[in-house]
file coords.txt (compact mmCIF, C-alpha atoms and all ligand atoms)
# COMPACT_ATOMS: atom_id res chain seq x y z
CA MET A 17 19.44 -12.03 -7.33
CA PRO A 18 17.93 -9.52 -9.78
CA SER A 19 14.89 -7.52 -8.68
CA VAL A 20 11.48 -8.76 -9.81
CA ILE A 21 10.36 -5.26 -10.77
CA GLU A 22 12.68 -2.35 -11.52
CA VAL A 23 11.29 1.11 -12.20
CA THR A 24 13.80 3.88 -12.91
CA ASP A 25 12.89 7.53 -13.40
CA LEU A 26 9.45 6.67 -14.82
CA ARG A 27 7.62 9.58 -16.44
CA LYS A 28 4.13 9.91 -17.90
CA SER A 29 2.24 13.09 -18.80
CA TYR A 30 -1.30 13.77 -19.93
CA GLY A 31 -2.08 17.01 -21.71
CA GLY A 32 1.29 18.44 -20.70
CA ARG A 33 0.73 17.59 -17.01
CA ALA A 34 3.23 15.17 -15.46
CA VAL A 35 1.16 12.60 -13.53
CA VAL A 36 4.20 10.36 -12.96
CA ASP A 37 7.26 12.51 -12.55
CA GLY A 38 10.47 10.54 -12.08
CA VAL A 39 9.38 7.53 -10.03
CA SER A 40 12.02 4.91 -9.14
CA PHE A 41 11.70 1.78 -7.01
CA THR A 42 12.53 -1.91 -7.08
CA VAL A 43 10.49 -4.83 -5.84
CA GLU A 44 12.48 -7.81 -4.62
CA GLU A 45 11.52 -11.47 -4.86
CA GLY A 46 9.06 -12.54 -2.15
CA GLU A 47 8.12 -9.01 -1.08
CA ILE A 48 4.74 -7.44 -0.62
CA PHE A 49 5.56 -3.96 -1.89
CA GLY A 50 2.95 -1.26 -1.34
CA ILE A 51 2.21 1.84 -3.36
CA LEU A 52 0.30 4.28 -1.22
CA GLY A 53 -0.83 7.79 -2.07
CA PRO A 54 -3.73 10.22 -2.20
CA ASN A 55 -6.30 10.24 -5.01
CA GLY A 56 -4.80 11.11 -8.36
CA ALA A 57 -1.22 10.70 -7.09
CA GLY A 58 -0.25 8.53 -10.07
CA LYS A 59 -0.40 5.07 -8.46
CA THR A 60 -2.50 3.34 -11.12
CA THR A 61 -0.58 5.02 -13.95
CA THR A 62 2.66 3.71 -12.40
CA VAL A 63 1.51 0.12 -12.03
CA GLU A 64 -0.12 0.12 -15.47
CA CYS A 65 3.27 1.11 -16.93
CA VAL A 66 4.72 -1.89 -15.04
CA GLU A 67 2.03 -4.12 -16.57
CA GLY A 68 2.66 -2.72 -20.05
CA LEU A 69 -0.87 -1.33 -20.27
CA ARG A 70 0.44 2.22 -20.68
CA VAL A 71 3.51 3.35 -22.57
CA PRO A 72 5.84 5.53 -20.45
CA ASP A 73 7.05 8.87 -21.83
CA GLY A 74 10.41 8.32 -20.16
CA GLY A 75 12.38 6.12 -17.81
CA ARG A 76 12.88 2.40 -17.72
CA VAL A 77 10.69 -0.44 -16.47
CA ARG A 78 11.77 -4.06 -16.22
CA VAL A 79 9.81 -7.07 -14.99
CA LEU A 80 12.19 -9.99 -14.43
CA GLY A 81 14.43 -8.33 -16.98
CA HIS A 82 11.72 -7.82 -19.61
CA ASP A 83 10.45 -4.54 -21.02
CA PRO A 84 6.65 -4.50 -20.48
CA VAL A 85 6.04 -2.70 -23.80
CA ALA A 86 8.56 -4.42 -26.10
CA ASP A 87 8.18 -7.88 -24.46
CA HIS A 88 4.51 -7.59 -23.56
CA ALA A 89 3.70 -11.29 -24.02
CA GLU A 90 6.58 -12.36 -21.77
CA VAL A 91 5.63 -9.85 -19.07
CA ALA A 92 1.97 -10.95 -19.22
CA ARG A 93 3.20 -14.50 -18.57
CA VAL A 94 5.28 -13.69 -15.48
CA LEU A 95 3.19 -10.87 -14.02
CA GLY A 96 -0.42 -11.55 -13.04
CA ALA A 97 -2.69 -8.53 -13.26
CA GLN A 98 -5.92 -8.08 -11.43
CA LEU A 99 -8.91 -7.27 -13.57
CA GLN A 100 -11.17 -4.34 -12.90
CA GLN A 101 -14.82 -5.10 -12.13
CA SER A 102 -16.00 -3.85 -15.53
CA GLU A 103 -13.70 -6.27 -17.37
CA LEU A 104 -15.59 -9.42 -16.43
CA GLN A 105 -19.00 -10.19 -17.85
CA ALA A 106 -21.67 -10.51 -15.15
CA LYS A 107 -23.13 -13.64 -16.82
CA LEU A 108 -19.90 -15.63 -16.81
CA THR A 109 -19.82 -18.32 -14.12
CA VAL A 110 -16.80 -18.70 -11.84
CA ARG A 111 -15.84 -21.95 -13.63
CA GLU A 112 -16.15 -20.34 -17.09
CA ALA A 113 -14.04 -17.37 -16.00
CA LEU A 114 -11.31 -19.66 -14.60
CA GLU A 115 -11.32 -21.87 -17.72
CA LEU A 116 -11.32 -18.88 -20.06
CA TYR A 117 -8.42 -17.17 -18.33
CA SER A 118 -6.40 -20.41 -18.01
CA ALA A 119 -6.67 -20.77 -21.77
CA PHE A 120 -4.83 -17.46 -22.23
CA TYR A 121 -1.59 -18.90 -20.81
CA PRO A 122 0.83 -21.44 -22.25
CA ARG A 123 1.48 -23.09 -18.86
CA PRO A 124 -1.47 -22.23 -16.62
CA ALA A 125 -1.73 -23.37 -13.00
CA ASP A 126 -4.45 -25.97 -12.39
CA TRP A 127 -7.37 -23.70 -11.50
CA ARG A 128 -9.13 -26.30 -9.30
CA PRO A 129 -6.72 -26.19 -6.33
CA LEU A 130 -6.53 -22.44 -6.80
CA ALA A 131 -10.32 -22.16 -6.56
CA GLU A 132 -10.20 -24.43 -3.51
CA ARG A 133 -7.54 -22.29 -1.84
CA LEU A 134 -9.56 -19.15 -2.49
CA GLY A 135 -12.80 -20.66 -1.17
CA LEU A 136 -14.53 -20.63 -4.57
CA THR A 137 -15.20 -24.35 -5.02
CA GLY A 138 -18.80 -24.01 -3.84
CA LYS A 139 -19.37 -21.09 -6.23
CA LEU A 140 -18.13 -22.58 -9.51
CA SER A 141 -21.60 -22.48 -11.10
CA THR A 142 -22.46 -19.02 -9.76
CA ARG A 143 -22.47 -16.14 -12.21
CA PHE A 144 -19.94 -13.40 -11.52
CA GLY A 145 -22.71 -10.79 -11.15
CA LYS A 146 -24.30 -12.80 -8.32
CA LEU A 147 -21.13 -13.07 -6.19
CA SER A 148 -20.68 -10.90 -3.08
CA GLY A 149 -18.01 -8.19 -3.20
CA GLY A 150 -15.57 -10.38 -1.24
CA GLN A 151 -16.20 -13.38 -3.53
CA GLN A 152 -15.68 -11.23 -6.63
CA GLN A 153 -12.34 -10.08 -5.24
CA ARG A 154 -11.35 -13.69 -4.51
CA LEU A 155 -12.16 -14.55 -8.11
CA PHE A 156 -10.01 -11.62 -9.28
CA ILE A 157 -7.13 -12.95 -7.19
CA ALA A 158 -7.65 -16.42 -8.68
CA LEU A 159 -7.69 -15.02 -12.23
CA ALA A 160 -4.53 -13.03 -11.53
CA LEU A 161 -2.82 -16.24 -10.37
CA VAL A 162 -4.20 -18.68 -12.93
CA GLY A 163 -1.32 -18.12 -15.36
CA GLY A 164 1.15 -19.24 -12.67
CA PRO A 165 2.90 -15.84 -12.47
CA ARG A 166 6.05 -14.99 -10.48
CA ALA A 167 4.56 -11.66 -9.38
CA VAL A 168 1.13 -10.12 -9.19
CA VAL A 169 -0.22 -6.56 -9.23
CA LEU A 170 -3.22 -5.96 -6.98
CA ASP A 171 -4.75 -2.48 -7.37
CA GLU A 172 -7.27 -1.28 -4.75
CA LEU A 173 -8.33 -4.85 -4.17
CA THR A 174 -10.22 -4.24 -0.93
CA THR A 175 -11.95 -0.97 -1.79
CA GLY A 176 -15.68 -1.34 -1.18
CA LEU A 177 -15.35 -4.47 0.96
CA ASP A 178 -16.73 -4.66 4.49
CA PRO A 179 -14.16 -4.97 7.30
CA ARG A 180 -14.47 -8.77 7.57
CA ALA A 181 -14.16 -9.37 3.82
CA ARG A 182 -11.21 -6.96 3.80
CA ARG A 183 -9.45 -8.93 6.55
CA ASP A 184 -10.14 -12.20 4.74
CA THR A 185 -8.63 -10.69 1.60
CA TRP A 186 -5.53 -9.63 3.57
CA GLN A 187 -5.08 -13.21 4.68
CA LEU A 188 -5.33 -14.36 1.06
CA ILE A 189 -2.71 -11.82 0.00
CA GLU A 190 -0.39 -13.17 2.70
CA GLU A 191 -1.04 -16.68 1.41
CA VAL A 192 -0.26 -15.58 -2.15
CA ARG A 193 3.12 -14.32 -0.95
CA ALA A 194 3.68 -17.48 1.11
CA SER A 195 3.15 -19.48 -2.09
CA GLY A 196 6.20 -17.70 -3.56
CA VAL A 197 4.50 -14.98 -5.61
CA THR A 198 5.85 -11.42 -5.22
CA VAL A 199 3.06 -8.85 -4.67
CA LEU A 200 2.86 -5.23 -5.85
CA LEU A 201 -0.09 -3.78 -3.95
CA VAL A 202 -1.76 -0.44 -4.61
CA THR A 203 -3.86 0.71 -1.70
CA HIS A 204 -5.60 3.66 -0.11
CA PHE A 205 -5.81 1.97 3.27
CA MET A 206 -3.08 2.73 5.79
CA GLU A 207 -4.02 -0.21 7.98
CA GLU A 208 -3.78 -2.51 4.99
CA ALA A 209 -0.36 -1.15 4.00
CA GLN A 210 0.91 -1.29 7.58
CA ARG A 211 -0.30 -4.82 8.09
CA LEU A 212 0.74 -6.38 4.78
CA CYS A 213 3.63 -4.54 3.19
CA ASP A 214 7.33 -5.16 3.73
CA ARG A 215 8.10 -1.80 2.13
CA ILE A 216 5.94 1.07 0.97
CA ALA A 217 6.49 3.78 -1.63
CA VAL A 218 4.40 6.81 -0.72
CA ILE A 219 3.55 8.58 -3.98
CA ASP A 220 2.38 12.16 -3.95
CA ARG A 221 1.72 14.22 -7.09
CA GLY A 222 3.64 11.86 -9.31
CA ARG A 223 6.75 11.63 -7.13
CA ILE A 224 7.96 9.31 -4.41
CA ALA A 225 7.61 11.21 -1.14
CA ALA A 226 9.17 8.36 0.87
CA LEU A 227 10.13 4.74 0.47
CA ASP A 228 10.63 2.67 3.60
CA THR A 229 9.29 -0.09 5.79
CA PRO A 230 5.99 0.74 7.53
CA SER A 231 7.79 1.28 10.86
CA GLY A 232 10.49 3.34 9.12
CA LEU A 233 7.80 5.63 7.69
CA ILE A 234 6.17 5.98 11.09
CA ARG A 235 9.49 6.90 12.69
CA ARG A 236 9.86 9.75 10.18
CA SER A 237 6.58 11.22 11.33
CA ALA A 238 7.06 14.42 13.37
CA GLY A 239 6.35 13.51 16.98
CA ALA A 240 6.18 9.79 16.43
CA THR A 241 5.17 9.24 20.06
CA VAL A 242 2.94 11.50 22.14
CA ILE A 243 2.86 11.36 25.96
CA SER A 244 0.42 13.39 28.02
CA PHE A 245 -0.15 13.54 31.76
CA SER A 246 -1.13 15.82 34.66
CA PRO A 247 1.86 16.07 37.05
CA SER A 248 1.10 15.81 40.77
CA ALA A 249 3.45 18.81 41.36
CA PRO A 250 4.73 21.61 39.08
CA LEU A 251 7.47 20.66 36.61
CA ASP A 252 10.28 22.97 35.57
CA GLU A 253 9.78 24.23 31.96
CA ARG A 254 13.52 24.19 31.31
CA GLU A 255 13.82 20.55 32.30
CA LEU A 256 10.98 19.67 29.93
CA ALA A 257 12.51 21.69 27.11
CA ALA A 258 15.82 19.84 27.57
CA LEU A 259 14.29 16.37 27.06
CA PRO A 260 16.03 14.37 24.30
CA ALA A 261 14.43 14.09 20.84
CA LEU A 262 11.61 16.41 21.89
CA ALA A 263 9.42 17.60 18.99
CA SER A 264 6.89 19.75 20.90
CA VAL A 265 5.58 20.65 24.37
CA GLU A 266 2.08 21.87 25.03
CA ARG A 267 0.36 22.85 28.29
CA LYS A 268 -3.39 23.01 28.79
CA GLY A 269 -4.15 23.88 32.39
CA GLU A 270 -2.45 21.17 34.46
CA ARG A 271 -2.03 18.85 31.52
CA ILE A 272 1.27 18.53 29.68
CA THR A 273 1.52 16.95 26.23
CA LEU A 274 4.94 16.14 24.80
CA SER A 275 5.73 14.65 21.42
CA GLY A 276 9.00 13.03 20.48
CA THR A 277 10.35 9.51 20.35
CA ASP A 278 10.54 6.56 22.76
CA GLU A 279 13.68 8.22 24.11
CA THR A 280 11.63 11.31 25.07
CA VAL A 281 9.10 9.11 26.88
CA ASP A 282 11.81 7.24 28.80
CA ALA A 283 13.48 10.52 29.78
CA VAL A 284 10.28 12.16 31.01
CA ILE A 285 9.47 9.11 33.17
CA THR A 286 12.98 9.30 34.68
CA LEU A 287 12.55 13.05 35.25
CA LEU A 288 9.23 12.54 37.03
CA ALA A 289 10.70 9.75 39.18
CA ARG A 290 13.68 11.92 40.11
CA HIS A 291 11.33 14.61 41.44
CA HIS A 292 8.95 12.09 43.03
CA ILE A 293 6.16 13.45 40.84
CA THR A 294 3.31 11.19 39.79
CA ALA A 295 1.98 11.30 36.21
CA ARG A 296 -1.81 11.31 36.57
CA GLN A 297 -4.05 10.17 33.69
CA LEU A 298 -0.96 9.12 31.78
CA ARG A 299 -1.48 8.41 28.07
CA VAL A 300 1.18 7.32 25.59
CA VAL A 301 0.13 7.14 21.94
CA ASP A 302 2.37 5.98 19.10
CA ALA A 303 2.01 7.60 15.69
CA THR A 304 0.41 5.46 13.03
CA LEU A 305 1.04 5.20 9.33
CA ASP A 306 -1.89 7.62 8.97
CA ASP A 307 0.14 10.31 10.75
CA ALA A 308 3.21 9.57 8.63
CA PHE A 309 1.09 9.66 5.46
CA LEU A 310 -0.37 13.05 6.34
CA ASP A 311 3.09 14.39 7.14
CA LEU A 312 4.50 13.10 3.86
CA THR A 313 1.75 14.10 1.45
CA ALA A 314 0.37 17.51 0.73
CA GLY A 315 -3.28 16.47 0.42
CA PRO A 316 -5.26 15.31 -2.61
CA ALA A 317 -3.49 16.15 -5.87
CA GLU A 318 -6.86 16.98 -7.45
CA GLU A 319 -7.34 19.89 -5.00
CA GLU A 320 -3.86 21.09 -5.70
CA ALA A 321 -4.59 21.17 -9.41
CA ALA A 322 -8.00 22.86 -8.98
N1 LIG B 401 -5.71 8.41 -19.73
C1 LIG B 401 -5.64 9.56 -19.04
N2 LIG B 401 -5.81 10.74 -19.62
C2 LIG B 401 -5.72 11.90 -18.93
N3 LIG B 401 -5.46 11.97 -17.62
C3 LIG B 401 -5.28 10.82 -16.96
C4 LIG B 401 -5.36 9.56 -17.63
N4 LIG B 401 -5.13 8.59 -16.72
C5 LIG B 401 -4.92 9.21 -15.55
N5 LIG B 401 -5.01 10.54 -15.68
C6 LIG B 401 -4.82 11.54 -14.61
O1 LIG B 401 -3.58 11.28 -14.01
C7 LIG B 401 -3.63 11.49 -12.61
C8 LIG B 401 -3.14 10.25 -11.91
O2 LIG B 401 -4.09 9.20 -12.09
P1 LIG B 401 -3.92 7.76 -11.44
O3 LIG B 401 -5.15 6.99 -11.78
O4 LIG B 401 -2.61 7.19 -11.82
O5 LIG B 401 -3.89 8.14 -9.92
P2 LIG B 401 -4.12 7.23 -8.65
O6 LIG B 401 -3.05 7.61 -7.69
O7 LIG B 401 -4.20 5.79 -9.04
O8 LIG B 401 -5.50 7.76 -8.14
P3 LIG B 401 -6.71 7.02 -7.40
O9 LIG B 401 -6.22 6.67 -6.05
O10 LIG B 401 -7.75 8.09 -7.37
O11 LIG B 401 -7.07 5.83 -8.24
C9 LIG B 401 -5.06 11.85 -12.29
O12 LIG B 401 -5.15 13.25 -12.15
C10 LIG B 401 -5.83 11.37 -13.49
O13 LIG B 401 -6.97 12.17 -13.70
call {"tool": "encode", "arguments": {"input": "coords.txt", "output": "C-alpha cells", "more": "lines below"}}
Ligand SMILES: Nc1ncnc2c1ncn2[C@@H]1O[C@H](COP(=O)(O)OP(=O)(O)OP(=O)(O)O)[C@@H](O)[C@H]1O
result
Amino acid sequence: MPSVIEVTDLRKSYGGRAVVDGVSFTVEEGEIFGILGPNGAGKTTTVECVEGLRVPDGGRVRVLGHDPVADHAEVARVLGAQLQQSELQAKLTVREALELYSAFYPRPADWRPLAERLGLTGKLSTRFGKLSGGQQQRLFIALALVGGPRAVVLDELTTGLDPRARRDTWQLIEEVRASGVTVLLVTHFMEEAQRLCDRIAVIDRGRIAALDTPSGLIRRSAGATVISFSPSAPLDERELAALPALASVERKGERITLSGTDETVDAVITLLARHHITARQLRVVDATLDDAFLDLTAGPAEEEAA
C-alpha cells in the first residue's frame, strides 16, 4: 500500500538560512505520526510544505500520490488542515463555521454527526469568540474533518489548553484515527507525543535527529534506566564497573547511582543477592521521552542562531 504522505529530502530556506534542510519521512495509512522539535526547528514549515501552503526549494512531497503545489485542489480534498486561531472570525457561530467550511468541499462529510462526536451540538449557536479554548480546538478538529479527508494535519493543537482539555483533545485525536483518518501531529509536548504517536520524527535545526517509535527513542537515550540504592555492605567497584550495558556509575556517600538498561538493573540485583547485600532506599527510574528529546536536540535553534 502506498504511503499517505511521502517527504523526500525536503528543503526550504529563508534569507539564505536553511530552516528545513533535507527532511525525509513517510506517514503510513492509519498512523498517528508525530513531528517533535524545539522552537524554530522547522516543524511548521515542513507540514505547511505537505499542505501545499509553502513551496519547497527542493525535495519531493507527495500526499496520496499528489504534489501539494501542482495538485493543490486534490491535496486540499484528501488532507484536512487545522486552521490557526486568527483564521476564524470571532463572530461566526459554530453552525455557520461548519456550514461554510462544508461548502468548500465537493463531497463534504455531514457536519451534524461530526459536531455530535466532537461535543459541539450544544454550542451550534455560540459565536467562535465565546467558546472556551478546548471548545475552539474541537471546532478546529471538526473543520479539519468536514471535507471527509483521508489524513489530517494537526499543528500545536493543545498548546494553551488546561490539562483536562488537553487530555480530552488527546482522546478526540485517538477517535479521529479510529475513524480511519491518518494523523500528522506537530507538538511541543513530550507526554502528548509519547501517548498518541505510533512514530515520531524529532526535528532539530531543520534536520531529522531521529525517527522511531516513542519507546525506540527512549531506548536511544543515554542511561535509559537509572537505579540508585544504599548497599547494606560495601560493594566492589570492579564488579560494578563490569555490569552489562552500564552507562555511568556515581557514588555520593553511601549511595550508588547506576545508569544503563534493564539488563544493568537485572545484573545489579543478581550481584547484590549473590553477596547477600540489601539495597536500601532502592529507586529505579526509566528515562522518558523528555530525556531522549534533550539527548537528541541541541537546544532551541533560535539561541543557536543568536
Ligand atoms: N516566512 C518566513 N520568513 C522568514 N523566516 C521564516 C518564515 N517562516 C519561518 N521562518 C523561520 O524558520 C524557522 C523555522 O520556523 P518554523 O515555524 O517552521 O519552526 P517550528 O519548529 O514550527 O517552531 P515553533 O515550534 O516555534 O512553532 C524559524 O527560525 C522561523 O523564524
call {"tool": "residues_near_ligand", "arguments": {"input": "coords.txt", "ligand": "ligand LIG 401 (chain B)", "cutoff": "7 Å", "atoms": "all atoms listed in the file", "output": "list of chain:residue names"}}
result
A:Tyr30, A:Gly31, A:Val35, A:Gly53, A:Pro54, A:Asn55, A:Gly56, A:Ala57, A:Gly58, A:Lys59, A:Thr60, A:Thr61, A:Thr62, A:His204, A:Glu318
call {"tool": "closest_residue", "arguments": {"input": "coords.txt", "among": "A:Glu270, A:Glu208, A:Asp73, A:Asp87", "to": "Gly38 (chain A)", "atoms": "only C-alpha atoms"}}
result
A:Asp73
call {"tool": "atom_distance", "arguments": {"input": "coords.txt", "atom1": "CA of Arg27 (chain A)", "atom2": "CA of Pro72 (chain A)"}}
result
6.0 Å
call {"tool": "closest_residue", "arguments": {"input": "coords.txt", "among": "A:Leu69, A:Ile216, A:Ala131, A:Ala283", "to": "Val43 (chain A)", "atoms": "only C-alpha atoms"}}
result
A:Ile216
call {"tool": "residues_around", "arguments": {"input": "coords.txt", "residues": "region 308-314 of chain A", "least_positions_apart": "3", "cutoff": "12 Å", "atoms": "only C-alpha atoms", "output": "number ranges by chain"}}
result
A: 51-55, 57, 204-207, 209-210, 216-241, 302-305, 317-321
call {"tool": "write_last_selection", "arguments": {"input": "coords.txt", "atoms": "C-alpha atoms", "output": "JSON list (two decimals), in the coordinates of the input"}}
result
[["chain", "number", "residue", "atom", "x", "y", "z"],
["A", 51, "ILE", "CA", 2.21, 1.84, -3.36],
["A", 52, "LEU", "CA", 0.30, 4.28, -1.22],
["A", 53, "GLY", "CA", -0.83, 7.79, -2.07],
["A", 54, "PRO", "CA", -3.73, 10.22, -2.20],
["A", 55, "ASN", "CA", -6.30, 10.24, -5.01],
["A", 57, "ALA", "CA", -1.22, 10.70, -7.09],
["A", 204, "HIS", "CA", -5.60, 3.66, -0.11],
["A", 205, "PHE", "CA", -5.81, 1.97, 3.27],
["A", 206, "MET", "CA", -3.08, 2.73, 5.79],
["A", 207, "GLU", "CA", -4.02, -0.21, 7.98],
["A", 209, "ALA", "CA", -0.36, -1.15, 4.00],
["A", 210, "GLN", "CA", 0.91, -1.29, 7.58],
["A", 216, "ILE", "CA", 5.94, 1.07, 0.97],
["A", 217, "ALA", "CA", 6.49, 3.78, -1.63],
["A", 218, "VAL", "CA", 4.40, 6.81, -0.72],
["A", 219, "ILE", "CA", 3.55, 8.58, -3.98],
["A", 220, "ASP", "CA", 2.38, 12.16, -3.95],
["A", 221, "ARG", "CA", 1.72, 14.22, -7.09],
["A", 222, "GLY", "CA", 3.64, 11.86, -9.31],
["A", 223, "ARG", "CA", 6.75, 11.63, -7.13],
["A", 224, "ILE", "CA", 7.96, 9.31, -4.41],
["A", 225, "ALA", "CA", 7.61, 11.21, -1.14],
["A", 226, "ALA", "CA", 9.17, 8.36, 0.87],
["A", 227, "LEU", "CA", 10.13, 4.74, 0.47],
["A", 228, "ASP", "CA", 10.63, 2.67, 3.60],
["A", 229, "THR", "CA", 9.29, -0.09, 5.79],
["A", 230, "PRO", "CA", 5.99, 0.74, 7.53],
["A", 231, "SER", "CA", 7.79, 1.28, 10.86],
["A", 232, "GLY", "CA", 10.49, 3.34, 9.12],
["A", 233, "LEU", "CA", 7.80, 5.63, 7.69],
["A", 234, "ILE", "CA", 6.17, 5.98, 11.09],
["A", 235, "ARG", "CA", 9.49, 6.90, 12.69],
["A", 236, "ARG", "CA", 9.86, 9.75, 10.18],
["A", 237, "SER", "CA", 6.58, 11.22, 11.33],
["A", 238, "ALA", "CA", 7.06, 14.42, 13.37],
["A", 239, "GLY", "CA", 6.35, 13.51, 16.98],
["A", 240, "ALA", "CA", 6.18, 9.79, 16.43],
["A", 241, "THR", "CA", 5.17, 9.24, 20.06],
["A", 302, "ASP", "CA", 2.37, 5.98, 19.10],
["A", 303, "ALA", "CA", 2.01, 7.60, 15.69],
["A", 304, "THR", "CA", 0.41, 5.46, 13.03],
["A", 305, "LEU", "CA", 1.04, 5.20, 9.33],
["A", 317, "ALA", "CA", -3.49, 16.15, -5.87],
["A", 318, "GLU", "CA", -6.86, 16.98, -7.45],
["A", 319, "GLU", "CA", -7.34, 19.89, -5.00],
["A", 320, "GLU", "CA", -3.86, 21.09, -5.70],
["A", 321, "ALA", "CA", -4.59, 21.17, -9.41]]
call {"tool": "atom_distance", "arguments": {"input": "coords.txt", "atom1": "CA of Thr185 (chain A)", "atom2": "CA of Ile157 (chain A)"}}
result
9.2 Å
call {"tool": "closest_residue", "arguments": {"input": "coords.txt", "among": "A:Leu155, A:Ile48, A:His291, A:Arg93", "to": "Thr109 (chain A)", "atoms": "all atoms listed in the file"}}
result
A:Leu155
call {"tool": "residues_near_point", "arguments": {"input": "coords.txt", "point": "(-0.9, 15.9, 32.6)", "cutoff": "8 Å", "atoms": "all atoms listed in the file", "output": "PyMOL selection string"}}
result
chain A and resi 244-247+270-273+295-298
call {"tool": "atom_distance", "arguments": {"input": "coords.txt", "atom1": "CA of Ser141 (chain A)", "atom2": "CA of Leu99 (chain A)"}}
result
20.0 Å
call {"tool": "residues_around", "arguments": {"input": "coords.txt", "residues": "Trp127 (chain A)", "least_positions_apart": "3", "cutoff": "10 Å", "atoms": "all atoms listed in the file", "output": "ChimeraX atom specification"}}
result
/A:111,114-115,117-118,124,130-133,158-159,161-164
call {"tool": "residues_around", "arguments": {"input": "coords.txt", "residues": "Ser40 (chain A)", "least_positions_apart": "2", "cutoff": "7 Å", "atoms": "all atoms listed in the file", "output": "PDB file with C-alpha atoms, keeping the file's coordinate frame"}}
result
ATOM      1  CA  VAL A  23      11.290   1.110 -12.200  1.00  0.00           C
ATOM      2  CA  THR A  24      13.800   3.880 -12.910  1.00  0.00           C
ATOM      3  CA  ASP A  25      12.890   7.530 -13.400  1.00  0.00           C
ATOM      4  CA  LEU A  26       9.450   6.670 -14.820  1.00  0.00           C
ATOM      5  CA  GLY A  38      10.470  10.540 -12.080  1.00  0.00           C
TER       6      GLY A  38
END
call {"tool": "residues_around", "arguments": {"input": "coords.txt", "residues": "Leu170 (chain A)", "least_positions_apart": "2", "cutoff": "10 Å", "atoms": "all atoms listed in the file", "output": "MDAnalysis selection string"}}
result
chainID A and resid 50 63 96:99 156:157 160 167:168 172:174 189 199:203
call {"tool": "write_last_selection", "arguments": {"input": "coords.txt", "atoms": "C-alpha atoms", "output": "PDB file, keeping the file's coordinate frame"}}
result
ATOM      1  CA  GLY A  50       2.950  -1.260  -1.340  1.00  0.00           C
ATOM      2  CA  VAL A  63       1.510   0.120 -12.030  1.00  0.00           C
ATOM      3  CA  GLY A  96      -0.420 -11.550 -13.040  1.00  0.00           C
ATOM      4  CA  ALA A  97      -2.690  -8.530 -13.260  1.00  0.00           C
ATOM      5  CA  GLN A  98      -5.920  -8.080 -11.430  1.00  0.00           C
ATOM      6  CA  LEU A  99      -8.910  -7.270 -13.570  1.00  0.00           C
ATOM      7  CA  PHE A 156     -10.010 -11.620  -9.280  1.00  0.00           C
ATOM      8  CA  ILE A 157      -7.130 -12.950  -7.190  1.00  0.00           C
ATOM      9  CA  ALA A 160      -4.530 -13.030 -11.530  1.00  0.00           C
ATOM     10  CA  ALA A 167       4.560 -11.660  -9.380  1.00  0.00           C
ATOM     11  CA  VAL A 168       1.130 -10.120  -9.190  1.00  0.00           C
ATOM     12  CA  GLU A 172      -7.270  -1.280  -4.750  1.00  0.00           C
ATOM     13  CA  LEU A 173      -8.330  -4.850  -4.170  1.00  0.00           C
ATOM     14  CA  THR A 174     -10.220  -4.240  -0.930  1.00  0.00           C
ATOM     15  CA  ILE A 189      -2.710 -11.820   0.000  1.00  0.00           C
ATOM     16  CA  VAL A 199       3.060  -8.850  -4.670  1.00  0.00           C
ATOM     17  CA  LEU A 200       2.860  -5.230  -5.850  1.00  0.00           C
ATOM     18  CA  LEU A 201      -0.090  -3.780  -3.950  1.00  0.00           C
ATOM     19  CA  VAL A 202      -1.760  -0.440  -4.610  1.00  0.00           C
ATOM     20  CA  THR A 203      -3.860   0.710  -1.700  1.00  0.00           C
TER      21      THR A 203
END
call {"tool": "closest_residue", "arguments": {"input": "coords.txt", "among": "A:Gly138, A:Pro179, A:Pro250, A:Pro122", "to": "Gly150 (chain A)", "atoms": "all atoms listed in the file"}}
result
A:Pro179
call {"tool": "axis_aligned_box", "arguments": {"input": "coords.txt", "around": "region 27-30 of chain A", "padding_each_side": "3 Å", "output": "JSON"}}
result
{"center_x": 3.2, "center_y": 11.7, "center_z": -18.2, "size_x": 14.9, "size_y": 10.2, "size_z": 9.5}
call {"tool": "closest_residue", "arguments": {"input": "coords.txt", "among": "A:Glu255, A:Val301, A:Val110, A:Ala249", "to": "Leu147 (chain A)", "atoms": "only C-alpha atoms"}}
result
A:Val110
call {"tool": "closest_residue", "arguments": {"input": "coords.txt", "among": "A:Arg78, A:Arg154, A:Arg123, A:Arg70", "to": "Ala181 (chain A)", "atoms": "all atoms listed in the file"}}
result
A:Arg154
call {"tool": "residues_near_point", "arguments": {"input": "coords.txt", "point": "(7.4, -9.4, 1.2)", "cutoff": "7 Å", "atoms": "all atoms listed in the file", "output": "tab-separated table (two decimals) with C-alpha atoms, in the frame of the given file"}}
result
chain	number	residue	atom	x	y	z
A	46	GLY	CA	9.06	-12.54	-2.15
A	47	GLU	CA	8.12	-9.01	-1.08
A	48	ILE	CA	4.74	-7.44	-0.62
A	49	PHE	CA	5.56	-3.96	-1.89
A	193	ARG	CA	3.12	-14.32	-0.95
A	198	THR	CA	5.85	-11.42	-5.22
A	213	CYS	CA	3.63	-4.54	3.19
A	214	ASP	CA	7.33	-5.16	3.73
call {"tool": "residues_around", "arguments": {"input": "coords.txt", "residues": "Gly145 (chain A)", "least_positions_apart": "5", "cutoff": "8 Å", "atoms": "all atoms listed in the file", "output": "PyMOL selection string"}}
result
chain A and resi 105-108
